[in-house]
Amino acid sequence: MTPPQSTAPPESAESRDRRSIAEFLRLEVTGGLMLLIAATLALVLANSPVSDTYTSVRDHHLDIPWLGLNLSIGHWASDGLLAVFFFIAGIELKRELVVGQLRKPAAAALPVVAAIGGMAIPSLIYVLVNGLQGGAMDGWAVPMATDIAFALGVLAVVGRRLPSALRTFLLTLAIVDDLIAIIIIAVFFASSLNLWFLLGSIAGLALFGFLHHRGVRGWYIYVPLALVIWGLMFNSGVHATIAGVAIGMLLRTTTKPGEETAPAEHIGHLVHPWSAGLCVPLFALFAAGVAVSGDTFADMIHEPEALGVTLGLVAGKIIGVFGATWLVATFTKAQLHPTLKWPDIFGAAMLAGIGFTVSLLIAELAFADLPHLMEHVKVAVLLGSLIAAIGAAIVLTLRGRAHERAGTSEE
């Protein structure tokens, strides 16, 4: 019997190409690769004969006076484009809280405590280094953050033979890390608060949530509303990326009858390629462009702020993540997944030292009035993240071979 012919119109080559590009940008390894390329390009431009042009473009202002927005291109990237990244982070956080690991206290205990330890110890190291050497305490939060895209990208490259439970552990840790970082940005790095704008943004969020949960559809409703919420949040004095997180967490993560996927999953699927392929790389392009020379590293050796950040990312994350996990597993009923061993957790702890995106953002906020010091702290973030990535790649590659020999890599 001749099979029935499909009545659907054939997909055009252009549509197939667009779909292939989008799927490529959704890969974890792609996100890390795009960040690496953008950061490398930024460093090349900032240390080349066209550095003045690069700086001029980054500092050029694009103003929208009637919205109260007077931002340089670099700030549009950190306050605007990065809100899309935080929107995706908000969706991931909501999903984990409702249907993922964070809804199970027993399963979430280890990575949650690991995330807390992995933020507390780097901050403590920074405070100790700067307290002993008389440095500025403003950067205490810089080494606390773990970059989800970069960390999972490295794991995707070197961790193919590792148990899937390690990715789950790292993803949960990074999401909790992001949640705490978001709270820190909102609480400690808000400028003078304008209550009316803040109330306006909260009202906008309430309207967004009401329409969404009432089943109202149409991007032409939600995109303008999201932009209004973002603008109000920016003018309130709270960092505008918080609007992205809040909107992401409003999306429904469970399906209703007749739905194949939940709205959060569907929208996240559509927006993720734009975040990974455009928004975050553009932020990195303007944030990571710092002048680096022999004199830079010579100055950094004598700057406790840069030293505190580097030690916090490299040593603090290992001590905090690994130490907290070991303590909880040793003195409570919480246990590692059966396929994981302590050297795997050590490798994940090293991987958590990749601070990059959020660390660069906090560096800009913390040292906004000290541009020279900000540049050196950014170099410290890049250096610490690079050391952490290389160290983790070596450890996890060796662990992957060990799991392959033991036959546990596919579990």
# chains A, B, ... in the order shown; residues from 1 in each chain; ligands from 1

$ residues_around --residues "region 340-345 of chain A" --least-positions-apart "2" --cutoff "12 Å" --atoms "only C-alpha atoms" --output "ChimeraX atom specification"
/A:110-111,114,155,159,161-170,173,317-326,329-330,335-338,347-352,392-403,406,408-411

$ write_last_selection --atoms "C-alpha atoms" --output "PDB file, in the first residue's frame"
ATOM      1  CA  LEU A 110      23.909  19.016  48.388  1.00  0.00           C
ATOM      2  CA  PRO A 111      24.026  21.379  45.375  1.00  0.00           C
ATOM      3  CA  ALA A 114      27.461  23.729  47.720  1.00  0.00           C
ATOM      4  CA  LEU A 155      31.418  20.437  30.892  1.00  0.00           C
ATOM      5  CA  GLY A 159      32.335  15.656  30.251  1.00  0.00           C
ATOM      6  CA  ARG A 161      32.070  10.297  29.552  1.00  0.00           C
ATOM      7  CA  LEU A 162      31.017  11.625  32.950  1.00  0.00           C
ATOM      8  CA  PRO A 163      27.777  10.596  34.723  1.00  0.00           C
ATOM      9  CA  SER A 164      24.789  12.797  33.872  1.00  0.00           C
ATOM     10  CA  ALA A 165      24.319  13.313  37.617  1.00  0.00           C
ATOM     11  CA  LEU A 166      27.342  15.641  37.605  1.00  0.00           C
ATOM     12  CA  ARG A 167      25.663  17.963  35.103  1.00  0.00           C
ATOM     13  CA  THR A 168      22.522  17.981  37.251  1.00  0.00           C
ATOM     14  CA  PHE A 169      24.617  18.835  40.317  1.00  0.00           C
ATOM     15  CA  LEU A 170      26.421  21.666  38.514  1.00  0.00           C
ATOM     16  CA  LEU A 173      24.409  24.736  41.916  1.00  0.00           C
ATOM     17  CA  LYS A 317      35.200  28.158  44.899  1.00  0.00           C
ATOM     18  CA  ILE A 318      37.051  24.879  45.401  1.00  0.00           C
ATOM     19  CA  ILE A 319      37.103  25.244  49.176  1.00  0.00           C
ATOM     20  CA  GLY A 320      33.525  26.491  49.347  1.00  0.00           C
ATOM     21  CA  VAL A 321      31.819  24.069  46.961  1.00  0.00           C
ATOM     22  CA  PHE A 322      33.811  20.951  47.790  1.00  0.00           C
ATOM     23  CA  GLY A 323      34.047  21.696  51.500  1.00  0.00           C
ATOM     24  CA  ALA A 324      30.347  22.439  51.953  1.00  0.00           C
ATOM     25  CA  THR A 325      29.355  19.331  49.994  1.00  0.00           C
ATOM     26  CA  TRP A 326      31.704  17.114  52.019  1.00  0.00           C
ATOM     27  CA  ALA A 329      27.387  14.491  53.107  1.00  0.00           C
ATOM     28  CA  THR A 330      29.502  13.534  56.135  1.00  0.00           C
ATOM     29  CA  GLN A 335      24.419  11.533  49.992  1.00  0.00           C
ATOM     30  CA  LEU A 336      26.123  11.893  46.639  1.00  0.00           C
ATOM     31  CA  HIS A 337      24.455  10.290  43.642  1.00  0.00           C
ATOM     32  CA  PRO A 338      25.689   6.665  43.451  1.00  0.00           C
ATOM     33  CA  GLY A 347      36.257  18.958  39.316  1.00  0.00           C
ATOM     34  CA  ALA A 348      32.801  20.555  39.489  1.00  0.00           C
ATOM     35  CA  ALA A 349      34.044  22.853  42.276  1.00  0.00           C
ATOM     36  CA  MET A 350      36.876  24.000  40.037  1.00  0.00           C
ATOM     37  CA  LEU A 351      34.411  24.541  37.198  1.00  0.00           C
ATOM     38  CA  ALA A 352      32.301  26.750  39.481  1.00  0.00           C
ATOM     39  CA  ALA A 392      38.546  21.794  35.663  1.00  0.00           C
ATOM     40  CA  ALA A 393      38.977  20.588  32.076  1.00  0.00           C
ATOM     41  CA  ILE A 394      42.069  18.573  33.055  1.00  0.00           C
ATOM     42  CA  VAL A 395      40.484  17.055  36.172  1.00  0.00           C
ATOM     43  CA  LEU A 396      37.167  16.208  34.504  1.00  0.00           C
ATOM     44  CA  THR A 397      38.853  14.732  31.434  1.00  0.00           C
ATOM     45  CA  LEU A 398      40.784  12.374  33.711  1.00  0.00           C
ATOM     46  CA  ARG A 399      37.605  11.574  35.627  1.00  0.00           C
ATOM     47  CA  GLY A 400      35.778  10.826  32.387  1.00  0.00           C
ATOM     48  CA  ARG A 401      38.416   8.254  31.490  1.00  0.00           C
ATOM     49  CA  ALA A 402      38.131   6.721  34.957  1.00  0.00           C
ATOM     50  CA  HIS A 403      34.337   6.457  34.635  1.00  0.00           C
ATOM     51  CA  ALA A 406      34.553   1.649  35.431  1.00  0.00           C
ATOM     52  CA  THR A 408      29.620   4.348  34.917  1.00  0.00           C
ATOM     53  CA  SER A 409      29.807   7.080  32.263  1.00  0.00           C
ATOM     54  CA  GLU A 410      26.414   6.365  30.746  1.00  0.00           C
ATOM     55  CA  GLU A 411      24.469   6.221  33.987  1.00  0.00           C
TER      56      GLU A 411
END

$ select_by_dssp --residues "region 89-293 of chain A" --states "alpha helix (DSSP H)" --output "VMD selection string"
chain A and resid 89 to 98 105 to 133 148 to 158 164 to 188 195 to 213 219 to 236 241 to 250 263 to 274 280 to 287

$ residues_around --residues "region 126-129 of chain A" --least-positions-apart "4" --cutoff "8 Å" --atoms "only C-alpha atoms" --output "list in words"
Pro122, Gln133, Gly135, Met137, Gly139, Trp140, Pro143, Pro304, Glu305, Leu307, Gly308, Val309, Leu311 and Gly312 of chain A

$ closest_residue --among "A:Val379, A:Ile148, A:Ala388, A:Leu93" --to "Glu303 (chain A)" --atoms "only C-alpha atoms"
A:Val379

$ residues_around --residues "Gly355 (chain A)" --least-positions-apart "5" --cutoff "8 Å" --atoms "only C-alpha atoms" --output "PyMOL selection string"
chain A and resi 143-147+313+360+381+384-385

$ write_last_selection --atoms "N, CA and C atoms" --output "mmCIF file, in the first residue's frame"
data_model
loop_
_atom_site.group_PDB
_atom_site.id
_atom_site.type_symbol
_atom_site.label_atom_id
_atom_site.label_comp_id
_atom_site.auth_asym_id
_atom_site.auth_seq_id
_atom_site.Cartn_x
_atom_site.Cartn_y
_atom_site.Cartn_z
ATOM 1 N N PRO A 143 33.783 37.741 43.168
ATOM 2 C CA PRO A 143 34.164 36.334 42.939
ATOM 3 C C PRO A 143 33.099 35.325 43.354
ATOM 4 N N MET A 144 31.886 35.785 43.674
ATOM 5 C CA MET A 144 30.872 34.863 44.169
ATOM 6 C C MET A 144 30.146 34.100 43.063
ATOM 7 N N ALA A 145 30.066 34.681 41.873
ATOM 8 C CA ALA A 145 29.166 34.157 40.841
ATOM 9 C C ALA A 145 29.810 33.065 39.998
ATOM 10 N N THR A 146 28.969 32.127 39.545
ATOM 11 C CA THR A 146 29.372 31.094 38.578
ATOM 12 C C THR A 146 28.631 31.337 37.279
ATOM 13 N N ASP A 147 29.347 31.322 36.168
ATOM 14 C CA ASP A 147 28.724 31.554 34.862
ATOM 15 C C ASP A 147 28.125 30.251 34.338
ATOM 16 N N LEU A 313 37.963 33.216 43.073
ATOM 17 C CA LEU A 313 37.449 32.363 42.007
ATOM 18 C C LEU A 313 38.171 31.027 41.930
ATOM 19 N N LEU A 360 31.714 39.936 35.851
ATOM 20 C CA LEU A 360 32.046 41.163 35.128
ATOM 21 C C LEU A 360 30.994 42.238 35.379
ATOM 22 N N VAL A 381 39.052 38.779 36.948
ATOM 23 C CA VAL A 381 37.940 37.870 36.672
ATOM 24 C C VAL A 381 38.279 36.962 35.491
ATOM 25 N N GLY A 384 41.144 34.525 36.612
ATOM 26 C CA GLY A 384 40.638 33.495 37.513
ATOM 27 C C GLY A 384 39.744 32.497 36.803
ATOM 28 N N SER A 385 38.880 32.999 35.919
ATOM 29 C CA SER A 385 37.980 32.116 35.174
ATOM 30 C C SER A 385 38.759 31.204 34.236
#

$ closest_atom_pairs --of "region 315-400 of chain A" --to "region 57-79 of chain A" --cutoff "12 Å" --atoms "only C-alpha atoms" --output "tab-separated table"
residue	atom	partner	partner_atom	distance
A:Thr357	CA	A:Ser78	CA	9.6
A:Val358	CA	A:Ser78	CA	9.8
A:Ser359	CA	A:Ser78	CA	11.8
A:Leu360	CA	A:Ser78	CA	9.5
A:Leu361	CA	A:Ser78	CA	6.9
A:Ile362	CA	A:Ser78	CA	10.2
A:Ala363	CA	A:Ser78	CA	11.5
A:Glu364	CA	A:Ser78	CA	9.1
A:Leu365	CA	A:Ser78	CA	10.1
A:Ala368	CA	A:His75	CA	11.4

$ closest_residue --among "A:Leu199, A:Ile390, A:Leu45, A:Ala83" --to "Val292 (chain A)" --atoms "only C-alpha atoms"
A:Leu45

$ closest_residue --among "A:Lys378, A:Ala291, A:Ile125, A:Leu373" --to "Asp52 (chain A)" --atoms "only C-alpha atoms"
A:Ala291

$ atom_distance --atom1 "CA of Gly31 (chain A)" --atom2 "CA of Glu265 (chain A)"
18.1 Å

$ residues_around --residues "Thr253 (chain A)" --least-positions-apart "2" --cutoff "6 Å" --atoms "only C-alpha atoms" --output "list in words"
Arg95, Ala262 and Ala264 of chain A

$ write_last_selection --atoms "N, CA and C atoms" --output "PDB file, in the first residue's frame"
ATOM      1  N   ARG A  95      11.605  26.688  36.648  1.00  0.00           N
ATOM      2  CA  ARG A  95      11.435  25.286  36.274  1.00  0.00           C
ATOM      3  C   ARG A  95      12.018  24.366  37.342  1.00  0.00           C
ATOM      4  N   ALA A 262       4.832  23.509  28.211  1.00  0.00           N
ATOM      5  CA  ALA A 262       4.475  24.638  29.060  1.00  0.00           C
ATOM      6  C   ALA A 262       4.981  25.930  28.425  1.00  0.00           C
ATOM      7  N   ALA A 264       6.643  28.402  29.638  1.00  0.00           N
ATOM      8  CA  ALA A 264       8.032  28.726  29.996  1.00  0.00           C
ATOM      9  C   ALA A 264       9.009  27.961  29.113  1.00  0.00           C
TER      10      ALA A 264
END

$ closest_residue --among "A:Ala306, A:Ala288, A:Leu386, A:Ala203" --to "Ala42 (chain A)" --atoms "only C-alpha atoms"
A:Ala288

$ closest_residue --among "A:Phe367, A:Phe188, A:Trp219, A:Phe286" --to "Leu43 (chain A)" --atoms "only C-alpha atoms"
A:Phe286

$ closest_residue --among "A:Ala39, A:Ile88, A:Val377, A:Val50" --to "Pro273 (chain A)" --atoms "only C-alpha atoms"
A:Ile88

$ select_by_dssp --residues "region 69-139 of chain A" --states "strand (DSSP E)" --output "MDAnalysis selection string"
chainID A and resid 69:72

$ write_last_selection --atoms "all heavy atoms" --output "tab-separated table (two decimals), in the first residue's frame"
chain	number	residue	atom	x	y	z
A	69	LEU	N	16.21	57.41	29.64
A	69	LEU	CA	17.32	56.50	29.39
A	69	LEU	C	18.44	57.25	28.68
A	69	LEU	O	18.26	57.77	27.59
A	69	LEU	CB	16.86	55.32	28.52
A	69	LEU	CG	15.75	54.46	29.13
A	69	LEU	CD1	15.28	53.41	28.14
A	69	LEU	CD2	16.23	53.79	30.41
A	70	ASN	N	19.60	57.32	29.35
A	70	ASN	CA	20.77	57.99	28.79
A	70	ASN	C	21.96	57.08	29.04
A	70	ASN	O	22.68	57.21	30.02
A	70	ASN	CB	20.96	59.35	29.48
A	70	ASN	CG	22.14	60.10	28.91
A	70	ASN	OD1	22.72	59.71	27.90
A	70	ASN	ND2	22.54	61.18	29.57
A	71	LEU	N	22.16	56.12	28.12
A	71	LEU	CA	23.12	55.05	28.35
A	71	LEU	C	24.13	54.97	27.22
A	71	LEU	O	23.80	55.21	26.05
A	71	LEU	CB	22.39	53.70	28.45
A	71	LEU	CG	21.31	53.56	29.53
A	71	LEU	CD1	20.61	52.23	29.39
A	71	LEU	CD2	21.92	53.68	30.91
A	72	SER	N	25.35	54.59	27.59
A	72	SER	CA	26.35	54.26	26.58
A	72	SER	C	26.02	52.89	25.99
A	72	SER	O	25.22	52.13	26.55
A	72	SER	CB	27.74	54.24	27.21
A	72	SER	OG	27.85	53.16	28.12
